[in-house]
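J.: coords.csv is the file, holding CSV, C-alpha atoms:
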chain,number,residue,atom,x,y,z
J,289,MET,CA,0.0,0.0,0.0
J,290,ARG,CA,1.4,3.4,-1.0
J,291,ILE,CA,1.1,6.2,1.5
J,292,GLY,CA,0.8,8.8,-1.2
J,293,LYS,CA,-2.5,7.3,-2.5
J,294,ASN,CA,-4.0,7.3,1.0
J,295,LEU,CA,-2.5,10.5,2.3
J,296,PRO,CA,-5.7,12.5,2.6
J,297,LYS,CA,-7.4,9.6,4.5
J,298,PHE,CA,-4.3,9.3,6.8
J,299,ARG,CA,-4.3,13.1,7.5
J,300,LEU,CA,-8.0,13.0,8.3
J,301,PHE,CA,-7.6,10.0,10.6
J,302,THR,CA,-4.6,11.7,12.3
J,303,MET,CA,-6.5,14.9,12.9
J,304,ALA,CA,-9.5,13.1,14.2
J,305,LEU,CA,-7.4,11.0,16.6
J,306,PHE,CA,-5.6,14.1,17.8
J,307,PHE,CA,-8.9,15.9,18.5
J,308,ALA,CA,-10.3,12.9,20.3
J,309,VAL,CA,-7.3,12.5,22.6
J,310,SER,CA,-7.1,16.3,23.2
J,311,LEU,CA,-10.8,16.3,24.2
J,312,LEU,CA,-10.3,13.2,26.4
J,313,ILE,CA,-7.3,14.8,28.2
J,314,LYS,CA,-9.2,18.1,28.7
J,315,VAL,CA,-12.4,16.6,30.2
J,316,THR,CA,-10.9,13.7,32.3
J,317,LYS,CA,-8.0,12.9,34.5
J,318,PHE,CA,-6.7,10.8,31.6
J,319,HIS,CA,-3.5,12.9,31.4
J,320,ASN,CA,-2.4,11.8,34.9
J,321,TYR,CA,-2.3,8.2,33.8
J,322,PHE,CA,0.3,8.9,31.1
J,323,GLY,CA,2.2,11.5,33.1
J,324,ILE,CA,1.2,14.3,30.8
J,325,ASN,CA,1.8,17.7,32.5
J,326,ARG,CA,-0.5,20.7,31.9
J,327,ALA,CA,0.2,24.2,32.8
J,328,ASP,CA,-2.2,26.5,34.6
J,329,PRO,CA,-3.7,28.7,31.9
J,330,GLU,CA,-3.8,31.7,34.3
J,331,VAL,CA,0.0,31.6,34.8
J,332,LYS,CA,2.3,32.7,32.0
J,333,VAL,CA,4.9,30.0,31.3
J,334,VAL,CA,7.4,29.1,28.6
J,335,ALA,CA,8.2,25.5,27.6
J,336,LEU,CA,11.7,24.9,26.5
J,337,THR,CA,12.2,22.0,24.1
J,338,TYR,CA,15.3,20.5,22.5
J,339,GLU,CA,15.0,18.1,19.5
J,340,ASP,CA,17.0,15.6,17.6
J,341,GLY,CA,19.6,14.9,20.4
J,342,PRO,CA,21.5,13.9,22.2
J,343,TYR,CA,24.2,15.4,20.2
J,344,PRO,CA,27.5,16.2,22.0
J,345,PRO,CA,28.9,18.7,22.7
J,346,TYR,CA,25.8,20.8,22.2
J,347,THR,CA,23.5,18.8,24.4
J,348,ASN,CA,26.1,18.9,27.2
J,349,GLN,CA,26.5,22.7,26.8
J,350,LEU,CA,22.8,23.2,26.9
J,351,LEU,CA,22.5,21.1,30.1
J,352,ASP,CA,25.2,23.2,31.7
J,353,ILE,CA,23.3,26.4,30.8
J,354,LEU,CA,20.0,25.0,32.1
J,355,ASP,CA,21.7,24.0,35.3
J,356,ARG,CA,23.2,27.4,35.8
J,357,TYR,CA,19.8,29.1,35.6
J,358,GLN,CA,17.9,26.2,37.3
J,359,VAL,CA,15.7,25.7,34.3
J,360,LYS,CA,14.0,22.5,33.2
J,361,ALA,CA,13.3,21.5,29.6
J,362,THR,CA,11.8,18.7,27.5
J,363,PHE,CA,14.2,16.7,25.3
J,364,PHE,CA,12.8,15.0,22.3
J,365,GLU,CA,15.5,12.5,21.5
J,366,ILE,CA,16.3,10.3,18.5
J,367,GLY,CA,16.7,6.6,19.1
J,368,ARG,CA,19.9,6.3,17.1
J,369,ASN,CA,21.5,9.2,18.9
J,370,ILE,CA,20.4,7.7,22.3
J,371,GLU,CA,22.2,4.5,21.4
J,372,LYS,CA,25.3,6.4,20.5
J,373,HIS,CA,25.2,8.6,23.7
J,374,PRO,CA,23.4,6.9,26.5
J,375,GLU,CA,25.4,8.8,29.1
J,376,ILE,CA,23.9,12.1,28.0
J,377,VAL,CA,20.4,10.6,28.3
J,378,LYS,CA,21.2,9.5,31.9
J,379,MET,CA,22.3,13.1,32.7
J,380,ILE,CA,19.0,14.5,31.3
J,381,VAL,CA,17.0,12.1,33.4
J,382,ALA,CA,19.1,12.7,36.5
J,383,ARG,CA,18.5,16.4,36.2
J,384,GLY,CA,14.7,15.8,36.3
J,385,ASP,CA,14.0,17.0,32.8
J,386,GLU,CA,11.3,15.5,30.6
J,387,LEU,CA,12.5,12.9,28.1
J,388,ALA,CA,10.5,12.1,25.0
J,389,ASN,CA,10.8,10.0,21.9
J,390,HIS,CA,11.3,11.8,18.6
J,391,SER,CA,11.5,8.7,16.4
J,392,TYR,CA,14.3,6.2,15.9
J,393,SER,CA,16.0,7.7,12.8
J,394,HIS,CA,14.2,11.0,12.0
J,395,LYS,CA,14.5,10.8,8.2
J,396,SER,CA,13.8,13.9,6.3
J,397,HIS,CA,10.1,14.5,5.7
J,398,LEU,CA,10.6,17.4,3.4
J,399,PRO,CA,8.6,17.2,0.2
J,400,CYS,CA,11.7,17.9,-1.9
J,401,GLY,CA,13.8,15.3,-0.3
J,402,SER,CA,16.5,17.3,1.4
J,403,ARG,CA,17.3,20.7,2.9
J,404,ARG,CA,20.0,21.2,0.3
J,405,ASN,CA,17.2,21.3,-2.4
J,406,ILE,CA,15.5,24.2,-0.6
J,407,ILE,CA,18.4,26.5,-0.7
Show how you would write the structure in this file as structure tokens.

T.:
Amino acid sequence: MRIGKNLPKFRLFTMALFFAVSLLIKVTKFHNYFGINRADPEVKVVALTYEDGPYPPYTNQLLDILDRYQVKATFFEIGRNIEKHPEIVKMIVARGDELANHSYSHKSHLPCGSRRNII
């Protein structure tokens, strides 16, 4: 089955699923089961996220800066990079930051194939 042929149906299904889960989280305590954190809408907050890591030395430098200012962040990590740098992931968890999956390989999803073609 080719995804291109069924892409409109897939998009519709994905949007419906996202809406259903969002509604479920909003009207129930469902979010507590999965450890999903929600901010108080009356309080102004900023969520810091870092994607595609861990990637030394940049992730290490970022952790140092976050420690200096006592700031927490969410790290969306790539499976291949986690396998290469498990010690950095252990540091992220030890600091008390949020750790999330950002796929195993994170192939380019750009319609033209690569970033080089955009420029």

J.: Quick one: residues within 12 Å of J:Tyr343, all atoms listed in the file, excluding same-chain residues fewer than 5 positions away - as a PyMOL selection string?

T.: chain J and resi 338+348-351+363-377

J.: Would you mind exporting C-alpha atoms of the selected residues as a CSV table (one decimal), in the frame of the given file?

T.:
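Wrote selection-v1.csv, looks like this:
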chain,number,residue,atom,x,y,z
J,338,TYR,CA,15.3,20.5,22.5
J,348,ASN,CA,26.1,18.9,27.2
J,349,GLN,CA,26.5,22.7,26.8
J,350,LEU,CA,22.8,23.2,26.9
J,351,LEU,CA,22.5,21.1,30.1
J,363,PHE,CA,14.2,16.7,25.3
J,364,PHE,CA,12.8,15.0,22.3
J,365,GLU,CA,15.5,12.5,21.5
J,366,ILE,CA,16.3,10.3,18.5
J,367,GLY,CA,16.7,6.6,19.1
J,368,ARG,CA,19.9,6.3,17.1
J,369,ASN,CA,21.5,9.2,18.9
J,370,ILE,CA,20.4,7.7,22.3
J,371,GLU,CA,22.2,4.5,21.4
J,372,LYS,CA,25.3,6.4,20.5
J,373,HIS,CA,25.2,8.6,23.7
J,374,PRO,CA,23.4,6.9,26.5
J,375,GLU,CA,25.4,8.8,29.1
J,376,ILE,CA,23.9,12.1,28.0
J,377,VAL,CA,20.4,10.6,28.3

J.: Which residue, J:Arg356, J:Tyr392, J:Leu300, J:Leu387, has the smallest gap to J:Thr337 when you use all atoms listed in the file?

T.: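 Comparing J:Arg356, J:Tyr392, J:Leu300, J:Leu387 against J:Thr337, the winner is J:Leu387.
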
J.: Would you please work out which residue, of J:Thr302, J:Ser393, J:Thr362, J:Ser310, is nearest to J:Val334 when using all atoms listed in the file?

T.: J:Thr362

J.: Expressed in Å to a single decimal, how great is the separation between atom CA of J:Lys360 and atom CA of J:Gly384?

T.: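 Straight-line distance from atom CA of J:Lys360 to atom CA of J:Gly384 works out to 7.4 Å.
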
J.: What separation in Å, quoted to one decimal, exists between atom CA of J:Asp385 and atom CA of J:Val359?

T.: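 We find that atom CA of J:Asp385 and atom CA of J:Val359 lie 9.0 Å from each other.
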
J.: When you draw a straight line from atom CA of J:Ser391 to atom CA of J:Asp340, how long is it in Å?

T.: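 According to the coordinates, atom CA of J:Ser391 and atom CA of J:Asp340 are separated by 8.9 Å.
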
J.: Considering all atoms listed in the file, can you say which of J:Met303, J:Phe298, J:Ala382, J:His390 comes closest to J:Pro342?

T.: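 When distances to J:Pro342 are compared using all atoms listed in the file, the smallest one comes from J:His390.
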